[in-house]
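See structure below.
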Amino acid sequence: MAASLVFRLQDRGPQLVREVLLERGWKEYDGRKREEEDWNLYWRASAFPEYHSLLPWQRLNHHPKTAGICRKDLLVRNLRRMRATFGSALYDFSPTTFILPNEYTRFLAEYNRLLPARDRTACWICKPVDLSRGRGIFLFRDLKDLVYDCPVIVQRYVSSPLLISGYKFDLRIYVCVKSFHPLTVYIHQEVLVRFATEKYNLSSLSNVYAHLTNTSINKGGPFYKTPKGQVGPGCKWTISKFRHFLQGQGINELFLWQRISNMVTLTLLAIAPSVPSCPNCVQLFGFDVLVDSEFKPWLLEVNHSPSLTLECQTDVVVKKGLISDLVDLMNYTSADRLRDRAYQTQRNVNVNLSVPVPLLPKTKEHNLQRKNKKSWPYQRDSLAAYQRHLPPVGALNWILGSYSKTNMAAAKGGPALSSHQMKYGPRVTEVTNRDNTETVAETELSGENEVAASVPDTRSRRSTFRRSTDSSRFPNIHRGSQRVHVQGPVVLTGQHIPPTRVGGFIRTFPFNPATLKASRDTLDVLVILQELQKLTGQVASGRRDETKEAREDEADEDDRFDSLLWGPEDPLPLSRRFKNAYRHADT
Ligand code: ADP
């Protein structure tokens, strides 16, 4: 019988991840029964202390060094740097911000510059750099009200937000970075719309229930449960309700989604070159976006661990499907179950060794990954090391056959095996898809279908919790669209292309052959920005491919690399919508 995949949660949470994985047939890690490293997925709220030396079948839910966008002050610095380097035409989505106390003088100059023009709308918002959930945030107009006792940012308050029935809201966009090298980004079609629970009013800046949209704040407000015009009771909507609202506004909805998608890509580009390559990491980010009365999206912050608590039915609809799709994106295959065989083998080795074997010391959590960054940890040949770092290379040899050498080569980023070698045994690229894709050959070898059969299919089950009463009344973003789970892999000029969509996750980067090429080896930010600008221009002008039908055949040919326009109910392939956004990498 196929072994189960094992997940490990830090501090026994979050419950939603546990629930989704158990439903899919996973087992929870139990430190009393398993070795320290005997797991397939380790999920933590915070970043991992070290990322090196992961076993081929292990995944982590964070990439290293992403604080550059997840800490408020570092996000400001990085976006500022990008704006200075690449211009403000694209990097115009972050309100003017100062990091205090260091930039107090600069802030003062800006404050005074605005003074003559100051009216009731000129406000500032002060936020501690490393707190979340609205803690420590306040608004002010007068300098005398700016009082802080920790590092903060002071930001221009977006004082004319788009309102629904007079209530302010922001959008929580779920972004999965499957890989930073090459940059591979998915955005989920479900978005949480989070409302303030008292009417927006600039004459009472101290009313957090009117100005902050954090659920943690508003759920404690006096009007949380009260029906609030179109908003209704509570403080959250699904994207389908929001789209219904947008359609009534007569705006170019696609353009809004495209600008948000650009914002995500541009923000990630700010740190992509400095994030070390860690193919076994996948991270879900929460981008908080405020839309103003001109329908311009503003980036407020990026969360490295978006909340997964289920506080209302809307959370259930959005977050359960999200996590399930995330696990699909992690792309576990039957080869990941080799973990179990490796540990089984190790146990047998222990039993059969004629020399006395010291008890396996439990490594401490902070020691999860080895300090030895240069070499594969299991190459150390002392018995103690051999014992400690399960499974040893010997065990891997037994399991993977003579090709275990390539296991080590691949772990060091070495070359892949030839097709001849593939015939004779599995290789590490099958165990972990280092480029986050899987070829047809790999799928066959890894017995993906068999795994799919042995793991409970949560798709039908999921549909029971994805639908809310809201979604039956309002157009649902998924309705009518085919929810293809993991599409077949595509290869273009020898390059693996990540699937266009995985459940509700739509690939937003790379989005055409030119961006694929520009992110393949070293990141060519300039080319990426040009392509983004081109595409945005096309979406803004709403230019459709008028001879669409006539070019249907041509588009089919181009399906070797296609992308969907993120956001719409039934996303159209870019190749069919915008001809010029669709250039071959080699031209
Ligand atoms: P936290 O990490 O504490 O949630 P955020 O930066 O997300 O901090 O801010 C909390 C809330 O404050 C946001 O959800 C939004 O409603 C409001 N907010 C933050 N910055 C601004 C801004 N510049 N303009 C208008 N509203 C803002």
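Identifiers in the structure tokens: chain A, B, ... in order shown; residue index from 1 per chain; ligand index from 1 in order shown.
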* To do: List all protein, DNA and RNA residues that have at least one atom no more than 7 Å from any atom of ligand 1, counting only C-alpha atoms and all ligand atoms, and write them as number ranges by chain.
  => A: 95, 125, 127, 131-135, 137, 155-159, 169-170, 211-214, 288, 300-301
Residue selection dump (N, CA and C atoms) as a PDB file, in the first residue's frame:
ATOM      1  N   PRO A  95       1.642  54.524  -1.871  1.00  0.00           N
ATOM      2  CA  PRO A  95       1.525  55.916  -1.417  1.00  0.00           C
ATOM      3  C   PRO A  95       2.878  56.421  -0.898  1.00  0.00           C
ATOM      4  N   ILE A 125      -1.053  58.366   7.724  1.00  0.00           N
ATOM      5  CA  ILE A 125      -1.324  57.186   8.567  1.00  0.00           C
ATOM      6  C   ILE A 125       0.021  56.684   9.081  1.00  0.00           C
ATOM      7  N   LYS A 127       2.156  53.646  10.938  1.00  0.00           N
ATOM      8  CA  LYS A 127       2.052  52.193  11.184  1.00  0.00           C
ATOM      9  C   LYS A 127       3.388  51.641  11.690  1.00  0.00           C
ATOM     10  N   LEU A 131       4.415  45.265  12.918  1.00  0.00           N
ATOM     11  CA  LEU A 131       3.199  44.732  13.545  1.00  0.00           C
ATOM     12  C   LEU A 131       2.183  44.453  12.449  1.00  0.00           C
ATOM     13  N   SER A 132       1.169  43.680  12.783  1.00  0.00           N
ATOM     14  CA  SER A 132       0.141  43.357  11.793  1.00  0.00           C
ATOM     15  C   SER A 132      -1.229  43.520  12.455  1.00  0.00           C
ATOM     16  N   ARG A 133      -2.266  43.214  11.711  1.00  0.00           N
ATOM     17  CA  ARG A 133      -3.662  43.232  12.178  1.00  0.00           C
ATOM     18  C   ARG A 133      -4.088  44.608  12.713  1.00  0.00           C
ATOM     19  N   GLY A 134      -3.538  45.636  12.145  1.00  0.00           N
ATOM     20  CA  GLY A 134      -3.968  46.994  12.502  1.00  0.00           C
ATOM     21  C   GLY A 134      -3.434  47.492  13.839  1.00  0.00           C
ATOM     22  N   ARG A 135      -2.578  46.668  14.487  1.00  0.00           N
ATOM     23  CA  ARG A 135      -2.093  47.062  15.824  1.00  0.00           C
ATOM     24  C   ARG A 135      -1.164  48.275  15.736  1.00  0.00           C
ATOM     25  N   ILE A 137      -1.754  51.260  14.755  1.00  0.00           N
ATOM     26  CA  ILE A 137      -1.951  52.196  13.632  1.00  0.00           C
ATOM     27  C   ILE A 137      -2.830  53.366  14.055  1.00  0.00           C
ATOM     28  N   GLN A 155       2.707  57.266   6.195  1.00  0.00           N
ATOM     29  CA  GLN A 155       2.321  57.138   4.791  1.00  0.00           C
ATOM     30  C   GLN A 155       1.177  58.090   4.465  1.00  0.00           C
ATOM     31  N   ARG A 156       1.163  58.602   3.222  1.00  0.00           N
ATOM     32  CA  ARG A 156       0.018  59.407   2.791  1.00  0.00           C
ATOM     33  C   ARG A 156      -1.218  58.532   2.887  1.00  0.00           C
ATOM     34  N   TYR A 157      -2.232  59.057   3.524  1.00  0.00           N
ATOM     35  CA  TYR A 157      -3.472  58.301   3.666  1.00  0.00           C
ATOM     36  C   TYR A 157      -4.250  58.427   2.367  1.00  0.00           C
ATOM     37  N   VAL A 158      -4.658  57.313   1.784  1.00  0.00           N
ATOM     38  CA  VAL A 158      -5.472  57.360   0.563  1.00  0.00           C
ATOM     39  C   VAL A 158      -6.870  57.770   1.009  1.00  0.00           C
ATOM     40  N   SER A 159      -7.139  59.068   0.852  1.00  0.00           N
ATOM     41  CA  SER A 159      -8.310  59.612   1.555  1.00  0.00           C
ATOM     42  C   SER A 159      -9.596  59.573   0.744  1.00  0.00           C
ATOM     43  N   PHE A 169     -13.305  49.592   1.997  1.00  0.00           N
ATOM     44  CA  PHE A 169     -12.912  48.169   1.946  1.00  0.00           C
ATOM     45  C   PHE A 169     -11.517  48.059   1.332  1.00  0.00           C
ATOM     46  N   ASP A 170     -10.867  46.932   1.562  1.00  0.00           N
ATOM     47  CA  ASP A 170      -9.664  46.626   0.786  1.00  0.00           C
ATOM     48  C   ASP A 170      -9.759  45.197   0.276  1.00  0.00           C
ATOM     49  N   HIS A 211     -11.967  53.545   9.401  1.00  0.00           N
ATOM     50  CA  HIS A 211     -10.776  53.781   8.563  1.00  0.00           C
ATOM     51  C   HIS A 211      -9.908  52.548   8.340  1.00  0.00           C
ATOM     52  N   LEU A 212      -9.986  51.577   9.245  1.00  0.00           N
ATOM     53  CA  LEU A 212      -9.170  50.374   9.074  1.00  0.00           C
ATOM     54  C   LEU A 212     -10.074  49.215   8.651  1.00  0.00           C
ATOM     55  N   THR A 213      -9.597  48.405   7.729  1.00  0.00           N
ATOM     56  CA  THR A 213     -10.440  47.327   7.212  1.00  0.00           C
ATOM     57  C   THR A 213     -10.023  45.962   7.762  1.00  0.00           C
ATOM     58  N   ASN A 214      -9.127  45.953   8.739  1.00  0.00           N
ATOM     59  CA  ASN A 214      -8.698  44.673   9.315  1.00  0.00           C
ATOM     60  C   ASN A 214      -9.887  43.964   9.978  1.00  0.00           C
ATOM     61  N   ASP A 288      -2.328  43.230   0.241  1.00  0.00           N
ATOM     62  CA  ASP A 288      -3.478  44.066   0.619  1.00  0.00           C
ATOM     63  C   ASP A 288      -3.546  45.276  -0.301  1.00  0.00           C
ATOM     64  N   LEU A 300      -1.000  48.371  -0.062  1.00  0.00           N
ATOM     65  CA  LEU A 300      -0.826  48.779   1.335  1.00  0.00           C
ATOM     66  C   LEU A 300       0.258  47.971   2.015  1.00  0.00           C
ATOM     67  N   GLU A 301       0.216  46.671   1.822  1.00  0.00           N
ATOM     68  CA  GLU A 301       1.273  45.849   2.409  1.00  0.00           C
ATOM     69  C   GLU A 301       1.227  44.438   1.862  1.00  0.00           C
TER      70      GLU A 301
END
Who sits within 9 Å of Phe107 in chain A, only C-alpha atoms, same chain under 4 positions skipped, as an mmCIF file with N, CA, C and O atoms, in the first residue's frame:
data_model
loop_
_atom_site.group_PDB
_atom_site.id
_atom_site.type_symbol
_atom_site.label_atom_id
_atom_site.label_comp_id
_atom_site.auth_asym_id
_atom_site.auth_seq_id
_atom_site.Cartn_x
_atom_site.Cartn_y
_atom_site.Cartn_z
ATOM 1 N N THR A 97 5.725 57.485 1.308
ATOM 2 C CA THR A 97 5.947 56.954 2.664
ATOM 3 C C THR A 97 7.310 57.374 3.194
ATOM 4 O O THR A 97 8.274 57.501 2.429
ATOM 5 N N PHE A 98 7.400 57.555 4.508
ATOM 6 C CA PHE A 98 8.678 57.866 5.164
ATOM 7 C C PHE A 98 8.892 56.884 6.312
ATOM 8 O O PHE A 98 7.937 56.488 6.980
ATOM 9 N N ILE A 99 10.168 56.516 6.478
ATOM 10 C CA ILE A 99 10.501 55.575 7.551
ATOM 11 C C ILE A 99 11.037 56.396 8.720
ATOM 12 O O ILE A 99 12.045 57.104 8.586
ATOM 13 N N LEU A 100 10.357 56.301 9.833
ATOM 14 C CA LEU A 100 10.729 57.124 10.999
ATOM 15 C C LEU A 100 11.308 56.255 12.111
ATOM 16 O O LEU A 100 10.867 55.111 12.265
ATOM 17 N N GLU A 103 13.909 59.091 8.720
ATOM 18 C CA GLU A 103 13.582 60.037 7.643
ATOM 19 C C GLU A 103 12.657 61.157 8.127
ATOM 20 O O GLU A 103 11.876 61.693 7.353
ATOM 21 N N TYR A 111 5.627 67.266 4.590
ATOM 22 C CA TYR A 111 4.463 67.711 5.377
ATOM 23 C C TYR A 111 4.267 69.223 5.173
ATOM 24 O O TYR A 111 3.168 69.691 4.895
ATOM 25 N N ASN A 112 5.357 69.948 5.262
ATOM 26 C CA ASN A 112 5.279 71.411 5.109
ATOM 27 C C ASN A 112 4.955 71.824 3.676
ATOM 28 O O ASN A 112 4.256 72.795 3.447
ATOM 29 N N VAL A 154 5.359 56.424 8.109
ATOM 30 C CA VAL A 154 4.276 57.395 8.004
ATOM 31 C C VAL A 154 3.958 57.512 6.516
ATOM 32 O O VAL A 154 4.841 57.781 5.708
#
* **Contacts of Asn303 in chain A within 12 Å, only C-alpha atoms, excl. fewer than 2 positions in-chain, as a PyMOL selection string** => chain A and resi 45-47+62+66-72+75+130-133+172-176+283-289+299-301+305-308
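The nearest approach to Leu183 in chain A among the residues A:His304, A:Arg77, A:Arg520, A:Lys33, with only C-alpha atoms taken into account, belongs to A:Arg520.
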* Spatial neighbours of Pro233 in chain A, max dist 12 Å, only C-alpha atoms, sep filter under 2 positions, as an MDAnalysis selection string -> chainID A and resid 195:198 218:219 221:231 235:237 312:314
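Between Phe86 in chain A and the candidates A:Leu310, A:Trp566, A:Ser216, A:Ala270, the tightest atom-to-atom separation, counting only C-alpha atoms, involves A:Ala270.
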